[in-house]
Amino acid sequence: MSWLTVKKAFSSPIDTPVTLKGWVRTNRESKADGGLCFLAISDGTCFDPIQCVIKGGGASAVSNYAEVLKLTTGCCVEVDGVLVQSQGKGQSVEVLVDAAHASAPGQVRIIGLVENPDTYPVANKRHTFEYLREQAHLRVRTNTFGAVARVRHTLSMAIHRFFHERDFFYVHTPIITASDCEGAGQMFRVSTLDMENPPRGEGTGHRALGTGEGPVAAGAAVSSTSAQSPVPSASSKSTPSPIDYAEDFFGKQAHLTVSGQLNGETYACALSRIYTFGPTFRAENSNTSRHLAEFWMIEPEVAFNDLKANALLAEDFIKYLINACLTERTDDMKFFEERIEKGLIDRLKAVLEKPFRHLPYTEAISILENALAGGHKFEYPVKWGIDLQSEHERYLTEQHFKQPVVLMNYPKQIKAFYMRMNPPGTDNAPGDTVAAMDVLVPAVGEIIGGSQREERLDVLDARIAEMKLPAKEYWWYRDLRRYGTVPHAGFGLGFERAMMFLTGMQNVRDVIPFPRTPKSAEF
RNA sequence: UCCCUGAUAGCUCAAUGGUAGAGCGACCGGCUGUUAACCGGUAGGUUCCAGGUUCGAGUCCUGGUCGGGGAGCCA
């Protein structure tokens, strides 16, 4: 008898002798036929467990039938049997485990018992997601988290396939960066220095602490903040002398990456089409259902693309991912539809049907102002030049358009230095705009942020100066504009946000195996 | 970080300042080709932590810790 996965067993012909290996989901006993035991077994290869019907009477009885009756949810077993048409309702095929079967004598080998069924954390009953987060090592044995894990895999594969099919190259951008210029928020320090007794002195690797600590303007923080130390500087009271980072592993300060974009741009400026797909780290004290300290991000970058092409790529991408999930994981998606979000599948199919709505920021402001005039209440003011609040984005994508919206051409003062300056008068905006875009989707909000990059050296330099960024740090980024510069564009897709969008799961901590959030890094 | 809210049985939740309860799960038994089963029974508690008020605190007060929702930041 050959070992088959449950998935494989479901697609094998009747009468196939099989060996199955997995974990018990449920165990039911019946007195019929001299004694029967229904063991539902899952090995995680597909949504449904397979039902094993174990004989307990006469010559057909498996030798350890008494022990089999005591198996509880979570026990690990191997079962020999034969695939048969089910006599019961609820499943079409099942595994008959009959010790007296001529060609496939049945047997149950007990591999691992659950030592105390009363305290088994994922007993066969309804659990809250909050509780299961505390049992992250076992929650993947549940329907929901098994489905999440399989969809997560499918989505990962689809992402690589999408880009590979379009001649993109997958680039491994660094996880550790000693670059101060990634500028996407607070970073985790990477250091081998003795934190309790660091070397001190005026080393060459020292960077003045506190530069730009308080961003000039709140709105500018998003784009202009250089790498800030999340570790409080010891500068407040009795500072002996600054820490000498020249002594540190890299000879200067280093952090975990907050974005692979700048590195990605260098490869796009040689390979034309590239993407990154890797972990990203933000040391921000964000406590929401949409933020993680460690998350995965996909960042394509394309030479010769403008903002419009960028937006179309993002749209193709999202639609491709929806198709992949719907066609490759019908079992799990059906579960999400039935138990997590009613209407999920229709919602996703609706996204496929029409082009995304492209909307200049300036026009979005008008729509929001009209809504205000029409009596709609917003907590935060609406005015050209402000960054849109969650409630504004939600109004646009959930109420006004009821579909994904690509917002474009934002005021330059609320966006990053590397975004391309638009010609004056673009969209009849009352101020300068840059070629930025955000893709907003119902329920999740911002799922993609991207832009056309500034390829003109003089304009880029002016922006760096204007935002008081350390120009020296950007020497290699500037080189791209000095040696064969090219218009290019790209975006970042938050992988976990895509997961939420595709599964209907409402908390980002439930779509990643082991979530890292402030005050939480168990497992 | 801010606002709101919560922490009691393995889980989800009750309990006027006065003997700690239910449902689910677990266990035992009955019934059944069972499958969100059903019927009967049993066990299961340092009420998050540290102080305080009180004759008496799960309950009131102070301070923590952690969870959840929302906001900001962003993906």
# chains A, B, ... in the order shown; residues from 1 in each chain; ligands from 1

$ residues_around --residues "range 68-72 of chain B" --least-positions-apart "6" --cutoff "10 Å" --atoms "only C-alpha atoms (C1' of nucleotides)" --output "list in words"
Glu130, Ser286, Asn287, Thr288, Ser289, Gln389 and Ser390 of chain A; U1, C2, C3, C4, U5 and G6 of chain B

$ write_last_selection --atoms "C-alpha atoms (C1' of nucleotides)" --output "compact mmCIF listing (two decimals), in the first residue's frame"
# COMPACT_ATOMS: atom_id res chain seq x y z
CA GLU A 130 -7.87 36.07 19.58
CA SER A 286 1.30 50.60 15.38
CA ASN A 287 -1.51 48.74 17.07
CA THR A 288 -4.10 48.08 14.42
CA SER A 289 -5.61 45.16 12.57
CA GLN A 389 -7.59 59.94 6.19
CA SER A 390 -8.80 56.36 6.46
C1' U B 1 1.53 56.93 21.04
C1' C B 2 -3.89 58.60 21.85
C1' C B 3 -9.31 57.32 22.71
C1' C B 4 -12.77 53.37 24.03
C1' U B 5 -13.21 48.52 26.06
C1' G B 6 -12.03 44.02 28.39

$ select_by_dssp --residues "range 271-325 of chain A" --states "strand (DSSP E)" --output "ChimeraX atom specification"
/A:273-281,294-303

$ residues_around --residues "Gly112 in chain A" --least-positions-apart "5" --cutoff "12 Å" --atoms "only C-alpha atoms (C1' of nucleotides)" --output "mmCIF file with N, CA, C and O atoms, in the first residue's frame"
data_model
loop_
_atom_site.group_PDB
_atom_site.id
_atom_site.type_symbol
_atom_site.label_atom_id
_atom_site.label_comp_id
_atom_site.auth_asym_id
_atom_site.auth_seq_id
_atom_site.Cartn_x
_atom_site.Cartn_y
_atom_site.Cartn_z
ATOM 1 N N LYS A 21 -1.469 9.301 6.296
ATOM 2 C CA LYS A 21 -0.776 9.749 7.502
ATOM 3 C C LYS A 21 -1.251 11.151 7.841
ATOM 4 O O LYS A 21 -1.209 12.033 6.988
ATOM 5 N N GLY A 22 -1.694 11.325 9.066
ATOM 6 C CA GLY A 22 -2.190 12.658 9.400
ATOM 7 C C GLY A 22 -2.647 12.734 10.845
ATOM 8 O O GLY A 22 -2.270 11.912 11.679
ATOM 9 N N TRP A 23 -3.464 13.748 11.109
ATOM 10 C CA TRP A 23 -3.927 14.003 12.472
ATOM 11 C C TRP A 23 -5.443 13.865 12.548
ATOM 12 O O TRP A 23 -6.156 14.278 11.632
ATOM 13 N N VAL A 24 -5.915 13.324 13.647
ATOM 14 C CA VAL A 24 -7.342 13.098 13.833
ATOM 15 C C VAL A 24 -8.061 14.430 14.010
ATOM 16 O O VAL A 24 -7.638 15.265 14.809
ATOM 17 N N LEU A 71 -8.909 7.422 20.504
ATOM 18 C CA LEU A 71 -8.207 8.506 19.809
ATOM 19 C C LEU A 71 -9.014 9.793 19.880
ATOM 20 O O LEU A 71 -10.237 9.778 19.722
ATOM 21 N N THR A 72 -8.343 10.877 20.134
ATOM 22 C CA THR A 72 -9.026 12.166 20.236
ATOM 23 C C THR A 72 -8.463 13.149 19.211
ATOM 24 O O THR A 72 -7.446 12.878 18.568
ATOM 25 N N THR A 73 -9.153 14.263 19.088
ATOM 26 C CA THR A 73 -8.733 15.303 18.153
ATOM 27 C C THR A 73 -7.268 15.665 18.382
ATOM 28 O O THR A 73 -6.863 15.924 19.507
ATOM 29 N N GLY A 74 -6.496 15.639 17.306
ATOM 30 C CA GLY A 74 -5.091 16.029 17.415
ATOM 31 C C GLY A 74 -4.119 14.874 17.399
ATOM 32 O O GLY A 74 -2.929 15.081 17.164
ATOM 33 N N CYS A 75 -4.605 13.648 17.650
ATOM 34 C CA CYS A 75 -3.712 12.491 17.650
ATOM 35 C C CYS A 75 -3.153 12.253 16.247
ATOM 36 O O CYS A 75 -3.819 12.476 15.252
ATOM 37 N N CYS A 76 -1.937 11.763 16.187
ATOM 38 C CA CYS A 76 -1.289 11.478 14.903
ATOM 39 C C CYS A 76 -1.362 9.982 14.618
ATOM 40 O O CYS A 76 -1.030 9.170 15.491
ATOM 41 N N VAL A 77 -1.817 9.645 13.416
ATOM 42 C CA VAL A 77 -2.000 8.230 13.078
ATOM 43 C C VAL A 77 -1.579 7.937 11.640
ATOM 44 O O VAL A 77 -1.479 8.835 10.802
ATOM 45 N N GLU A 78 -1.329 6.650 11.406
ATOM 46 C CA GLU A 78 -1.182 6.147 10.041
ATOM 47 C C GLU A 78 -2.256 5.085 9.854
ATOM 48 O O GLU A 78 -2.467 4.256 10.742
#

$ interface_residues --of "chain B" --to "chain A" --cutoff "8 Å" --atoms "only C-alpha atoms (C1' of nucleotides)" --output "ChimeraX atom specification"
/B:1,10-11,24-26,32-35,67-68,73-75

$ write_last_selection --atoms "N, CA and C atoms (P, O5', C5', C4', C3', O3' and C1' of nucleotides)" --output "short mmCIF file (atom, residue, chain, number, x, y, z; two decimals), in the first residue's frame"
data_model
loop_
_atom_site.label_atom_id
_atom_site.label_comp_id
_atom_site.auth_asym_id
_atom_site.auth_seq_id
_atom_site.Cartn_x
_atom_site.Cartn_y
_atom_site.Cartn_z
P U B 1 3.79 53.47 24.33
"O5'" U B 1 3.03 54.73 23.73
"C5'" U B 1 3.55 56.03 23.88
"C4'" U B 1 2.73 57.00 23.07
"C3'" U B 1 1.24 57.02 23.39
"O3'" U B 1 0.96 57.84 24.53
"C1'" U B 1 1.53 56.93 21.04
P G B 10 -9.29 25.71 33.51
"O5'" G B 10 -9.13 25.62 31.94
"C5'" G B 10 -7.85 25.45 31.34
"C4'" G B 10 -8.03 25.15 29.88
"C3'" G B 10 -8.92 26.14 29.14
"O3'" G B 10 -8.17 27.20 28.60
"C1'" G B 10 -9.72 23.93 28.78
P C B 11 -8.73 28.71 28.66
"O5'" C B 11 -9.83 28.73 27.52
"C5'" C B 11 -9.45 28.64 26.15
"C4'" C B 11 -10.68 28.62 25.28
"C3'" C B 11 -11.64 29.78 25.48
"O3'" C B 11 -11.26 30.92 24.73
"C1'" C B 11 -12.85 27.76 25.52
P C B 24 -24.24 22.36 25.83
"O5'" C B 24 -22.84 22.62 25.15
"C5'" C B 24 -22.75 23.08 23.81
"C4'" C B 24 -21.34 23.52 23.48
"C3'" C B 24 -20.27 22.44 23.58
"O3'" C B 24 -20.22 21.59 22.45
"C1'" C B 24 -19.51 24.40 24.64
P G B 25 -19.85 20.04 22.65
"O5'" G B 25 -18.33 20.11 23.13
"C5'" G B 25 -17.29 20.46 22.22
"C4'" G B 25 -15.97 20.57 22.95
"C3'" G B 25 -15.50 19.30 23.66
"O3'" G B 25 -14.86 18.40 22.78
"C1'" G B 25 -15.29 21.13 25.13
P A B 26 -14.95 16.84 23.05
"O5'" A B 26 -14.22 16.67 24.46
"C5'" A B 26 -12.82 16.83 24.57
"C4'" A B 26 -12.37 16.52 25.98
"C3'" A B 26 -12.83 15.18 26.53
"O3'" A B 26 -11.99 14.12 26.11
"C1'" A B 26 -13.27 16.87 28.13
P U B 32 -29.00 1.72 18.45
"O5'" U B 32 -28.54 2.78 17.37
"C5'" U B 32 -29.52 3.46 16.56
"C4'" U B 32 -28.87 4.55 15.78
"C3'" U B 32 -27.69 4.13 14.91
"O3'" U B 32 -28.07 3.48 13.71
"C1'" U B 32 -27.13 6.10 16.06
P G B 33 -27.03 2.52 12.96
"O5'" G B 33 -26.06 3.66 12.40
"C5'" G B 33 -25.07 3.34 11.43
"C4'" G B 33 -24.60 4.62 10.81
"C3'" G B 33 -25.53 5.18 9.74
"O3'" G B 33 -25.31 6.59 9.62
"C1'" G B 33 -23.46 4.58 8.78
P U B 34 -26.38 7.63 10.24
"O5'" U B 34 -25.49 8.48 11.22
"C5'" U B 34 -25.33 8.12 12.58
"C4'" U B 34 -23.98 8.57 13.07
"C3'" U B 34 -23.61 10.01 12.74
"O3'" U B 34 -24.14 10.91 13.70
"C1'" U B 34 -21.81 8.59 12.19
P U B 35 -24.67 12.36 13.21
"O5'" U B 35 -23.41 13.05 12.54
"C5'" U B 35 -22.50 13.83 13.33
"C4'" U B 35 -21.37 14.31 12.46
"C3'" U B 35 -21.76 15.29 11.37
"O3'" U B 35 -21.87 16.61 11.86
"C1'" U B 35 -20.32 13.63 10.48
P G B 67 -0.71 42.09 23.89
"O5'" G B 67 -2.25 41.72 23.86
"C5'" G B 67 -2.66 40.39 23.70
"C4'" G B 67 -4.16 40.28 23.77
"C3'" G B 67 -4.94 41.09 22.76
"O3'" G B 67 -4.95 40.51 21.47
"C1'" G B 67 -5.95 41.29 24.87
P G B 68 -5.01 41.41 20.17
"O5'" G B 68 -6.51 41.97 20.19
"C5'" G B 68 -7.60 41.09 20.03
"C4'" G B 68 -8.91 41.81 20.21
"C3'" G B 68 -9.10 43.04 19.34
"O3'" G B 68 -9.48 42.72 18.02
"C1'" G B 68 -9.72 43.55 21.55
P C B 73 -1.51 59.91 9.37
"O5'" C B 73 -0.23 58.97 9.50
"C5'" C B 73 0.98 59.47 10.05
"C4'" C B 73 1.94 58.35 10.27
"C3'" C B 73 2.19 57.47 9.04
"O3'" C B 73 3.14 58.03 8.16
"C1'" C B 73 1.80 56.12 10.93
P C B 74 2.83 58.09 6.61
"O5'" C B 74 2.58 56.58 6.22
"C5'" C B 74 3.50 55.90 5.41
"C4'" C B 74 3.47 54.43 5.74
"C3'" C B 74 3.02 53.53 4.60
"O3'" C B 74 4.11 53.19 3.77
"C1'" C B 74 1.85 52.96 6.58
P A B 75 3.82 52.77 2.23
"O5'" A B 75 3.38 51.24 2.28
"C5'" A B 75 3.66 50.41 1.17
"C4'" A B 75 2.76 49.19 1.20
"C3'" A B 75 1.28 49.51 1.27
"O3'" A B 75 0.54 48.52 0.58
"C1'" A B 75 1.92 48.26 3.17
#

$ residues_around --residues "range 156-169 of chain A" --least-positions-apart "2" --cutoff "12 Å" --atoms "only C-alpha atoms (C1' of nucleotides)" --output "VMD selection string"
chain A and resid 149 to 154 171 to 173 264 267 to 268 270 to 278 296 to 303 313 to 314 316 to 329 493 495 to 496 498 to 499

$ select_by_dssp --residues "range 118-347 of chain A" --states "alpha helix (DSSP H)" --output "PyMOL selection string"
chain A and resi 129-133+143-165+221-224+261-271+307-328+330-335+344-347

$ residues_around --residues "C48 in chain B" --least-positions-apart "4" --cutoff "10 Å" --atoms "only C-alpha atoms (C1' of nucleotides)" --output "ChimeraX atom specification"
/B:7,65-66

$ write_last_selection --atoms "N, CA and C atoms (P, O5', C5', C4', C3', O3' and C1' of nucleotides)" --output "compact mmCIF listing (two decimals), in the first residue's frame"
# COMPACT_ATOMS: atom_id res chain seq x y z
P A B 7 -13.91 41.54 32.03
O5' A B 7 -12.58 40.69 31.82
C5' A B 7 -12.57 39.61 30.88
C4' A B 7 -11.20 38.96 30.88
C3' A B 7 -10.82 38.30 32.20
O3' A B 7 -10.04 37.14 31.95
C1' A B 7 -9.26 40.00 31.68
P U B 65 2.80 48.67 32.02
O5' U B 65 2.52 47.14 31.70
C5' U B 65 3.40 46.14 32.19
C4' U B 65 2.76 44.78 32.12
C3' U B 65 2.06 44.47 30.81
O3' U B 65 2.97 44.07 29.79
C1' U B 65 0.66 43.86 32.59
P C B 66 2.77 44.59 28.29
O5' C B 66 1.60 43.67 27.76
C5' C B 66 1.80 42.27 27.61
C4' C B 66 0.48 41.54 27.60
C3' C B 66 -0.49 41.93 26.50
O3' C B 66 -0.17 41.37 25.25
C1' C B 66 -1.66 41.82 28.52

$ atom_distance --atom1 "CA of Pro17 in chain A" --atom2 "CA of Val93 in chain A"
13.0 Å

$ residues_around --residues "A20 in chain B" --least-positions-apart "3" --cutoff "10 Å" --atoms "only C-alpha atoms (C1' of nucleotides)" --output "list in words"
U8, A15, G45, U47 and G58 of chain B
